[in-house]
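Peer 1: If it helps, the file is called final.pdb and holds PDB, C-alpha atoms and all ligand atoms:
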MODEL        1
ATOM      1  CA  MET A   1      16.088   5.910  -3.903  1.00  0.00           C
ATOM      2  CA  PRO A   2      14.177   2.975  -5.365  1.00  0.00           C
ATOM      3  CA  ILE A   3      14.594  -0.298  -3.504  1.00  0.00           C
ATOM      4  CA  ASP A   4      16.254  -3.461  -4.737  1.00  0.00           C
ATOM      5  CA  PRO A   5      13.284  -5.865  -4.802  1.00  0.00           C
ATOM      6  CA  GLY A   6      15.628  -8.868  -4.697  1.00  0.00           C
ATOM      7  CA  LEU A   7      16.744  -8.144  -1.141  1.00  0.00           C
ATOM      8  CA  PRO A   8      15.232 -10.088   1.757  1.00  0.00           C
ATOM      9  CA  TYR A   9      12.446  -8.434   3.767  1.00  0.00           C
ATOM     10  CA  ASP A  10      13.824  -5.659   5.983  1.00  0.00           C
ATOM     11  CA  ARG A  11      12.015  -5.724   9.334  1.00  0.00           C
ATOM     12  CA  ALA A  12      13.238  -2.184  10.033  1.00  0.00           C
ATOM     13  CA  ASN A  13      11.416  -0.623   7.069  1.00  0.00           C
ATOM     14  CA  ILE A  14       9.028   2.199   7.933  1.00  0.00           C
ATOM     15  CA  PHE A  15       5.847   0.276   7.138  1.00  0.00           C
ATOM     16  CA  ALA A  16       6.960  -2.683   9.270  1.00  0.00           C
ATOM     17  CA  ARG A  17       7.445  -0.184  12.092  1.00  0.00           C
ATOM     18  CA  ILE A  18       3.970   1.268  11.489  1.00  0.00           C
ATOM     19  CA  LEU A  19       2.506  -2.262  11.570  1.00  0.00           C
ATOM     20  CA  ARG A  20       4.225  -2.918  14.913  1.00  0.00           C
ATOM     21  CA  GLY A  21       2.873   0.364  16.303  1.00  0.00           C
ATOM     22  CA  GLU A  22       6.372   1.841  16.725  1.00  0.00           C
ATOM     23  CA  VAL A  23       5.612   4.713  14.327  1.00  0.00           C
ATOM     24  CA  PRO A  24       2.215   6.448  14.307  1.00  0.00           C
ATOM     25  CA  CYS A  25      -0.069   6.635  11.300  1.00  0.00           C
ATOM     26  CA  LYS A  26      -3.455   8.149  10.484  1.00  0.00           C
ATOM     27  CA  ARG A  27      -5.341   4.869  10.291  1.00  0.00           C
ATOM     28  CA  VAL A  28      -8.280   4.489   7.909  1.00  0.00           C
ATOM     29  CA  TYR A  29      -8.974   0.763   8.242  1.00  0.00           C
ATOM     30  CA  GLU A  30      -7.491  -2.414   9.671  1.00  0.00           C
ATOM     31  CA  ASP A  31      -8.392  -6.090   9.558  1.00  0.00           C
ATOM     32  CA  GLU A  32      -6.650  -9.464   9.772  1.00  0.00           C
ATOM     33  CA  TYR A  33      -4.917  -9.000   6.430  1.00  0.00           C
ATOM     34  CA  ALA A  34      -4.360  -5.294   5.870  1.00  0.00           C
ATOM     35  CA  LEU A  35      -3.778  -1.867   7.338  1.00  0.00           C
ATOM     36  CA  ALA A  36      -4.792   1.328   5.516  1.00  0.00           C
ATOM     37  CA  PHE A  37      -3.530   4.792   6.452  1.00  0.00           C
ATOM     38  CA  HIS A  38      -3.085   8.236   4.962  1.00  0.00           C
ATOM     39  CA  ASP A  39       0.122   8.882   3.028  1.00  0.00           C
ATOM     40  CA  ILE A  40       2.418  11.290   4.868  1.00  0.00           C
ATOM     41  CA  ALA A  41       2.942  13.361   1.692  1.00  0.00           C
ATOM     42  CA  PRO A  42      -0.404  13.195  -0.139  1.00  0.00           C
ATOM     43  CA  GLN A  43      -0.356  13.703  -3.892  1.00  0.00           C
ATOM     44  CA  ALA A  44      -4.154  13.995  -4.245  1.00  0.00           C
ATOM     45  CA  PRO A  45      -6.995  15.080  -1.927  1.00  0.00           C
ATOM     46  CA  VAL A  46      -7.327  11.392  -1.030  1.00  0.00           C
ATOM     47  CA  HIS A  47      -4.048   9.474  -0.872  1.00  0.00           C
ATOM     48  CA  VAL A  48      -4.274   6.347   1.227  1.00  0.00           C
ATOM     49  CA  LEU A  49      -1.848   3.441   1.420  1.00  0.00           C
ATOM     50  CA  VAL A  50      -3.019  -0.122   1.966  1.00  0.00           C
ATOM     51  CA  ILE A  51      -0.403  -2.597   3.154  1.00  0.00           C
ATOM     52  CA  PRO A  52      -0.637  -6.320   3.798  1.00  0.00           C
ATOM     53  CA  LYS A  53       0.083  -7.484   7.337  1.00  0.00           C
ATOM     54  CA  GLY A  54       2.499 -10.128   6.056  1.00  0.00           C
ATOM     55  CA  ALA A  55       6.203  -9.465   5.432  1.00  0.00           C
ATOM     56  CA  TRP A  56       6.120  -8.997   1.642  1.00  0.00           C
ATOM     57  CA  VAL A  57       8.743  -6.824  -0.036  1.00  0.00           C
ATOM     58  CA  SER A  58       6.884  -6.030  -3.241  1.00  0.00           C
ATOM     59  CA  TRP A  59       4.025  -6.898  -5.564  1.00  0.00           C
ATOM     60  CA  ASP A  60       6.322  -9.443  -7.214  1.00  0.00           C
ATOM     61  CA  ASP A  61       7.098 -11.120  -3.882  1.00  0.00           C
ATOM     62  CA  PHE A  62       3.463 -11.079  -2.743  1.00  0.00           C
ATOM     63  CA  SER A  63       1.897 -12.286  -5.994  1.00  0.00           C
ATOM     64  CA  ALA A  64       4.404 -15.133  -6.312  1.00  0.00           C
ATOM     65  CA  ARG A  65       4.569 -16.352  -2.719  1.00  0.00           C
ATOM     66  CA  ALA A  66       1.688 -15.167  -0.525  1.00  0.00           C
ATOM     67  CA  PRO A  67      -0.902 -17.766   0.479  1.00  0.00           C
ATOM     68  CA  ASP A  68      -4.227 -17.489  -1.365  1.00  0.00           C
ATOM     69  CA  ALA A  69      -6.041 -16.364   1.790  1.00  0.00           C
ATOM     70  CA  GLU A  70      -3.678 -13.388   2.180  1.00  0.00           C
ATOM     71  CA  ILE A  71      -4.088 -12.385  -1.464  1.00  0.00           C
ATOM     72  CA  VAL A  72      -7.870 -12.567  -1.236  1.00  0.00           C
ATOM     73  CA  GLY A  73      -7.957 -10.815   2.152  1.00  0.00           C
ATOM     74  CA  PHE A  74      -5.666  -8.014   0.977  1.00  0.00           C
ATOM     75  CA  THR A  75      -7.552  -7.512  -2.298  1.00  0.00           C
ATOM     76  CA  ARG A  76     -10.899  -7.348  -0.494  1.00  0.00           C
ATOM     77  CA  ALA A  77      -9.473  -4.897   2.044  1.00  0.00           C
ATOM     78  CA  ILE A  78      -8.441  -2.518  -0.756  1.00  0.00           C
ATOM     79  CA  GLY A  79     -11.979  -2.609  -2.158  1.00  0.00           C
ATOM     80  CA  HIS A  80     -13.413  -2.102   1.300  1.00  0.00           C
ATOM     81  CA  VAL A  81     -11.255   0.979   1.872  1.00  0.00           C
ATOM     82  CA  THR A  82     -12.278   2.573  -1.448  1.00  0.00           C
ATOM     83  CA  ARG A  83     -15.941   2.143  -0.482  1.00  0.00           C
ATOM     84  CA  LEU A  84     -15.282   3.394   3.047  1.00  0.00           C
ATOM     85  CA  LEU A  85     -13.828   6.528   1.463  1.00  0.00           C
ATOM     86  CA  LYS A  86     -16.900   6.772  -0.843  1.00  0.00           C
ATOM     87  CA  LEU A  87     -14.718   6.768  -3.931  1.00  0.00           C
ATOM     88  CA  GLU A  88     -16.608   4.253  -6.045  1.00  0.00           C
ATOM     89  CA  ALA A  89     -19.014   6.787  -7.620  1.00  0.00           C
ATOM     90  CA  PRO A  90     -16.523   9.542  -8.520  1.00  0.00           C
ATOM     91  CA  GLY A  91     -13.808   6.966  -9.243  1.00  0.00           C
ATOM     92  CA  TYR A  92     -10.237   6.564  -8.091  1.00  0.00           C
ATOM     93  CA  ARG A  93      -6.842   5.180  -9.064  1.00  0.00           C
ATOM     94  CA  LEU A  94      -4.912   2.267  -7.580  1.00  0.00           C
ATOM     95  CA  MET A  95      -1.158   2.214  -8.038  1.00  0.00           C
ATOM     96  CA  VAL A  96       1.611  -0.167  -7.025  1.00  0.00           C
ATOM     97  CA  ASN A  97       5.216   0.813  -7.571  1.00  0.00           C
ATOM     98  CA  MET A  98       7.560  -2.138  -7.929  1.00  0.00           C
ATOM     99  CA  GLY A  99      11.356  -2.115  -7.921  1.00  0.00           C
ATOM    100  CA  GLY A 100      13.687   0.273  -9.730  1.00  0.00           C
ATOM    101  CA  HIS A 101      11.698   1.300 -12.804  1.00  0.00           C
ATOM    102  CA  GLY A 102       8.533   1.452 -10.692  1.00  0.00           C
ATOM    103  CA  HIS A 103      10.381   3.746  -8.260  1.00  0.00           C
ATOM    104  CA  GLN A 104       9.302   1.789  -5.197  1.00  0.00           C
ATOM    105  CA  GLU A 105      10.809   3.514  -2.168  1.00  0.00           C
ATOM    106  CA  VAL A 106       9.493   1.499   0.783  1.00  0.00           C
ATOM    107  CA  PRO A 107      10.346  -2.231   0.734  1.00  0.00           C
ATOM    108  CA  HIS A 108       6.981  -3.443   2.056  1.00  0.00           C
ATOM    109  CA  LEU A 109       4.225  -3.934  -0.532  1.00  0.00           C
ATOM    110  CA  HIS A 110       1.786  -1.030  -0.576  1.00  0.00           C
ATOM    111  CA  VAL A 111      -1.111  -0.075  -2.810  1.00  0.00           C
ATOM    112  CA  HIS A 112      -1.707   3.637  -3.286  1.00  0.00           C
ATOM    113  CA  ILE A 113      -5.338   4.793  -3.491  1.00  0.00           C
ATOM    114  CA  PHE A 114      -5.692   8.211  -5.122  1.00  0.00           C
ATOM    115  CA  GLY A 115      -8.951  10.116  -5.425  1.00  0.00           C
ATOM    116  CA  GLY A 116     -10.888  13.267  -4.659  1.00  0.00           C
ATOM    117  CA  ARG A 117     -10.187  15.019  -7.954  1.00  0.00           C
ATOM    118  CA  GLN A 118      -9.893  14.323 -11.677  1.00  0.00           C
ATOM    119  CA  LEU A 119      -6.572  12.474 -11.845  1.00  0.00           C
ATOM    120  CA  GLY A 120      -5.832  13.038 -15.511  1.00  0.00           C
ATOM    121  CA  ALA A 121      -3.428  11.057 -17.646  1.00  0.00           C
ATOM    122  CA  MET A 122      -2.180   7.749 -16.318  1.00  0.00           C
ATOM    123  CA  ILE A 123       1.578   8.358 -16.414  1.00  0.00           C
ATOM    124  CA  ALA A 124       3.474  11.646 -16.595  1.00  0.00           C
ATOM    125  CA  SER A 125       5.430  11.856 -19.847  1.00  0.00           C
TER     126      SER A 125
HETATM  127  P1  LIG B 201       6.512   4.254  -3.083  1.00  0.00           P
HETATM  128  O1  LIG B 201       7.295   5.239  -3.898  1.00  0.00           O
HETATM  129  O2  LIG B 201       7.395   3.276  -2.350  1.00  0.00           O
HETATM  130  O3  LIG B 201       5.444   3.572  -3.896  1.00  0.00           O
HETATM  131  O4  LIG B 201       5.698   5.115  -2.035  1.00  0.00           O
HETATM  132  C1  LIG B 201       6.036   5.226  -0.693  1.00  0.00           C
HETATM  133  C2  LIG B 201       5.022   6.163  -0.072  1.00  0.00           C
HETATM  134  O5  LIG B 201       5.129   6.071   1.310  1.00  0.00           O
HETATM  135  C3  LIG B 201       5.213   7.627  -0.451  1.00  0.00           C
HETATM  136  O6  LIG B 201       4.031   8.132  -1.055  1.00  0.00           O
HETATM  137  C4  LIG B 201       5.530   8.300   0.889  1.00  0.00           C
HETATM  138  O7  LIG B 201       4.984   9.592   0.995  1.00  0.00           O
HETATM  139  C5  LIG B 201       4.910   7.336   1.880  1.00  0.00           C
HETATM  140  N1  LIG B 201       5.570   7.335   3.188  1.00  0.00           N
HETATM  141  C6  LIG B 201       6.907   7.245   3.424  1.00  0.00           C
HETATM  142  N2  LIG B 201       7.150   7.253   4.742  1.00  0.00           N
HETATM  143  C7  LIG B 201       5.931   7.339   5.353  1.00  0.00           C
HETATM  144  C8  LIG B 201       5.539   7.402   6.724  1.00  0.00           C
HETATM  145  O8  LIG B 201       6.351   7.372   7.653  1.00  0.00           O
HETATM  146  N3  LIG B 201       4.208   7.485   6.978  1.00  0.00           N
HETATM  147  C9  LIG B 201       3.273   7.516   5.976  1.00  0.00           C
HETATM  148  N4  LIG B 201       1.982   7.607   6.334  1.00  0.00           N
HETATM  149  N5  LIG B 201       3.612   7.469   4.673  1.00  0.00           N
HETATM  150  C10 LIG B 201       4.932   7.390   4.369  1.00  0.00           C
ENDMDL
END
What is this file in structure tokens?

Peer 2:
Amino acid sequence: MPIDPGLPYDRANIFARILRGEVPCKRVYEDEYALAFHDIAPQAPVHVLVIPKGAWVSWDDFSARAPDAEIVGFTRAIGHVTRLLKLEAPGYRLMVNMGGHGHQEVPHLHVHIFGGRQLGAMIAS
């Protein structure tokens, strides 16, 4: 079920629990601003999630309210992870689902990185 992005941050959401170390993940990268880990149900040969360390529900929440340093740190971390995964030459796709129409399921902002094969058309019809 897609989340309601208007709700306050839920500290019990699965990514908050991963950030606190209560739930394991296959970590790819971590710094002051972000944690990157493999998606539990990959939809491409490379499917990594990058999440900010701050308590941000969605892209809307983050882009409107996060301090500049967190936005810069998170954005740079995403780029760092794509290079770590050696995706810059073959290419890759970044995706953020937001709210109901975006079909966001976890109420903690996350950027999907897809790669490792030709990804085809942007959105399924
Ligand atoms: P959304 O639809 O919210 O953009 O994507 C949520 C993503 O989180 C999905 O791709 C789903 O497979 C992934 N996911 C959900 N629960 C877990 C988990 O416990 N661990 C990991 N690594 N990924 C998860």

Peer 1: Name the residues, using the chain letters and numbers of the file, that sit within 8 Å of (-4.5, 14.7, -5.9) when counting all atoms listed in the file, and give them as number ranges by chain.

Peer 2: A: 42-47, 114-119

Peer 1: Please put the answer as JSON: centre and edge lengths, in Å with one decimal, of a box along x, y and z that encloses all listed atoms of ligand LIG 201 (chain B) plus 6 Å on each side.

Peer 2:
{"center_x": 4.7, "center_y": 6.4, "center_z": 1.9, "size_x": 17.4, "size_y": 18.3, "size_z": 23.6}

Peer 1: Grab me every residue within 6 Å of ligand LIG 201 (chain B), counting all atoms listed in the file, and send it over as a list in words.

Peer 2: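 Here is the list of contacting residues: Ile14, Cys25, His38, Asp39, Ile40, Ala41, Asn97, His103, Gln104, Glu105 and Val106 of chain A.
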
Peer 1: Select, from A:Leu87, A:Met95, A:Val81, A:Ala55, the residue with the minimum atom-to-atom distance to Pro8 in chain A, counting all atoms listed in the file.

Peer 2: A:Ala55

Peer 1: Take the point (11.2, -0.3, -7.5) as written in the file and pick out every residue within 9 Å of it, counting all atoms listed in the file; give the list as a ChimeraX atom specification.

Peer 2: /A:1-5,58,97-107

Peer 1: List as a PDB file with C-alpha atoms, in the frame of the given file the protein and nucleic acid residues near range 33-37 of chain A, meaning an atom at most 12 Å away when only C-alpha atoms are counted, but skip any in the same chain fewer than 2 places from it.

Peer 2:
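part_8.pdb, written as the output of this step:
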ATOM      1  CA  PHE A  15       5.847   0.276   7.138  1.00  0.00           C
ATOM      2  CA  ALA A  16       6.960  -2.683   9.270  1.00  0.00           C
ATOM      3  CA  ILE A  18       3.970   1.268  11.489  1.00  0.00           C
ATOM      4  CA  LEU A  19       2.506  -2.262  11.570  1.00  0.00           C
ATOM      5  CA  ARG A  20       4.225  -2.918  14.913  1.00  0.00           C
ATOM      6  CA  GLY A  21       2.873   0.364  16.303  1.00  0.00           C
ATOM      7  CA  PRO A  24       2.215   6.448  14.307  1.00  0.00           C
ATOM      8  CA  CYS A  25      -0.069   6.635  11.300  1.00  0.00           C
ATOM      9  CA  LYS A  26      -3.455   8.149  10.484  1.00  0.00           C
ATOM     10  CA  ARG A  27      -5.341   4.869  10.291  1.00  0.00           C
ATOM     11  CA  VAL A  28      -8.280   4.489   7.909  1.00  0.00           C
ATOM     12  CA  TYR A  29      -8.974   0.763   8.242  1.00  0.00           C
ATOM     13  CA  GLU A  30      -7.491  -2.414   9.671  1.00  0.00           C
ATOM     14  CA  ASP A  31      -8.392  -6.090   9.558  1.00  0.00           C
ATOM     15  CA  ASP A  39       0.122   8.882   3.028  1.00  0.00           C
ATOM     16  CA  ILE A  40       2.418  11.290   4.868  1.00  0.00           C
ATOM     17  CA  ALA A  41       2.942  13.361   1.692  1.00  0.00           C
ATOM     18  CA  PRO A  42      -0.404  13.195  -0.139  1.00  0.00           C
ATOM     19  CA  VAL A  46      -7.327  11.392  -1.030  1.00  0.00           C
ATOM     20  CA  HIS A  47      -4.048   9.474  -0.872  1.00  0.00           C
ATOM     21  CA  VAL A  48      -4.274   6.347   1.227  1.00  0.00           C
ATOM     22  CA  LEU A  49      -1.848   3.441   1.420  1.00  0.00           C
ATOM     23  CA  VAL A  50      -3.019  -0.122   1.966  1.00  0.00           C
ATOM     24  CA  ILE A  51      -0.403  -2.597   3.154  1.00  0.00           C
ATOM     25  CA  PRO A  52      -0.637  -6.320   3.798  1.00  0.00           C
ATOM     26  CA  LYS A  53       0.083  -7.484   7.337  1.00  0.00           C
ATOM     27  CA  GLY A  54       2.499 -10.128   6.056  1.00  0.00           C
ATOM     28  CA  ALA A  55       6.203  -9.465   5.432  1.00  0.00           C
ATOM     29  CA  TRP A  56       6.120  -8.997   1.642  1.00  0.00           C
ATOM     30  CA  ALA A  66       1.688 -15.167  -0.525  1.00  0.00           C
ATOM     31  CA  PRO A  67      -0.902 -17.766   0.479  1.00  0.00           C
ATOM     32  CA  ASP A  68      -4.227 -17.489  -1.365  1.00  0.00           C
ATOM     33  CA  ALA A  69      -6.041 -16.364   1.790  1.00  0.00           C
ATOM     34  CA  GLU A  70      -3.678 -13.388   2.180  1.00  0.00           C
ATOM     35  CA  ILE A  71      -4.088 -12.385  -1.464  1.00  0.00           C
ATOM     36  CA  VAL A  72      -7.870 -12.567  -1.236  1.00  0.00           C
ATOM     37  CA  GLY A  73      -7.957 -10.815   2.152  1.00  0.00           C
ATOM     38  CA  PHE A  74      -5.666  -8.014   0.977  1.00  0.00           C
ATOM     39  CA  THR A  75      -7.552  -7.512  -2.298  1.00  0.00           C
ATOM     40  CA  ARG A  76     -10.899  -7.348  -0.494  1.00  0.00           C
ATOM     41  CA  ALA A  77      -9.473  -4.897   2.044  1.00  0.00           C
ATOM     42  CA  ILE A  78      -8.441  -2.518  -0.756  1.00  0.00           C
ATOM     43  CA  GLY A  79     -11.979  -2.609  -2.158  1.00  0.00           C
ATOM     44  CA  HIS A  80     -13.413  -2.102   1.300  1.00  0.00           C
ATOM     45  CA  VAL A  81     -11.255   0.979   1.872  1.00  0.00           C
ATOM     46  CA  THR A  82     -12.278   2.573  -1.448  1.00  0.00           C
ATOM     47  CA  LEU A  84     -15.282   3.394   3.047  1.00  0.00           C
ATOM     48  CA  LEU A  85     -13.828   6.528   1.463  1.00  0.00           C
ATOM     49  CA  LEU A 109       4.225  -3.934  -0.532  1.00  0.00           C
ATOM     50  CA  HIS A 110       1.786  -1.030  -0.576  1.00  0.00           C
ATOM     51  CA  VAL A 111      -1.111  -0.075  -2.810  1.00  0.00           C
ATOM     52  CA  HIS A 112      -1.707   3.637  -3.286  1.00  0.00           C
ATOM     53  CA  ILE A 113      -5.338   4.793  -3.491  1.00  0.00           C
TER      54      ILE A 113
END

Peer 1: One decimal, Å: what's the distance from CA of Val57 in chain A over to CA of Lys86 in chain A, could you say?

Peer 2: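 Pair CA of Val57 in chain A / CA of Lys86 in chain A returns 29.0 Å.
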
Peer 1: So the first atom is CA of Ala121 in chain A and the second is CA of Asp60 in chain A; what is the distance between them in Å, to one decimal place?

Peer 2: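 Separating CA of Ala121 in chain A from CA of Asp60 in chain A is a distance of 25.0 Å.
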
Peer 1: Report the distance between CA of Arg11 in chain A and CA of Val96 in chain A in Å, rounded to one decimal place.

Peer 2: 20.2 Å
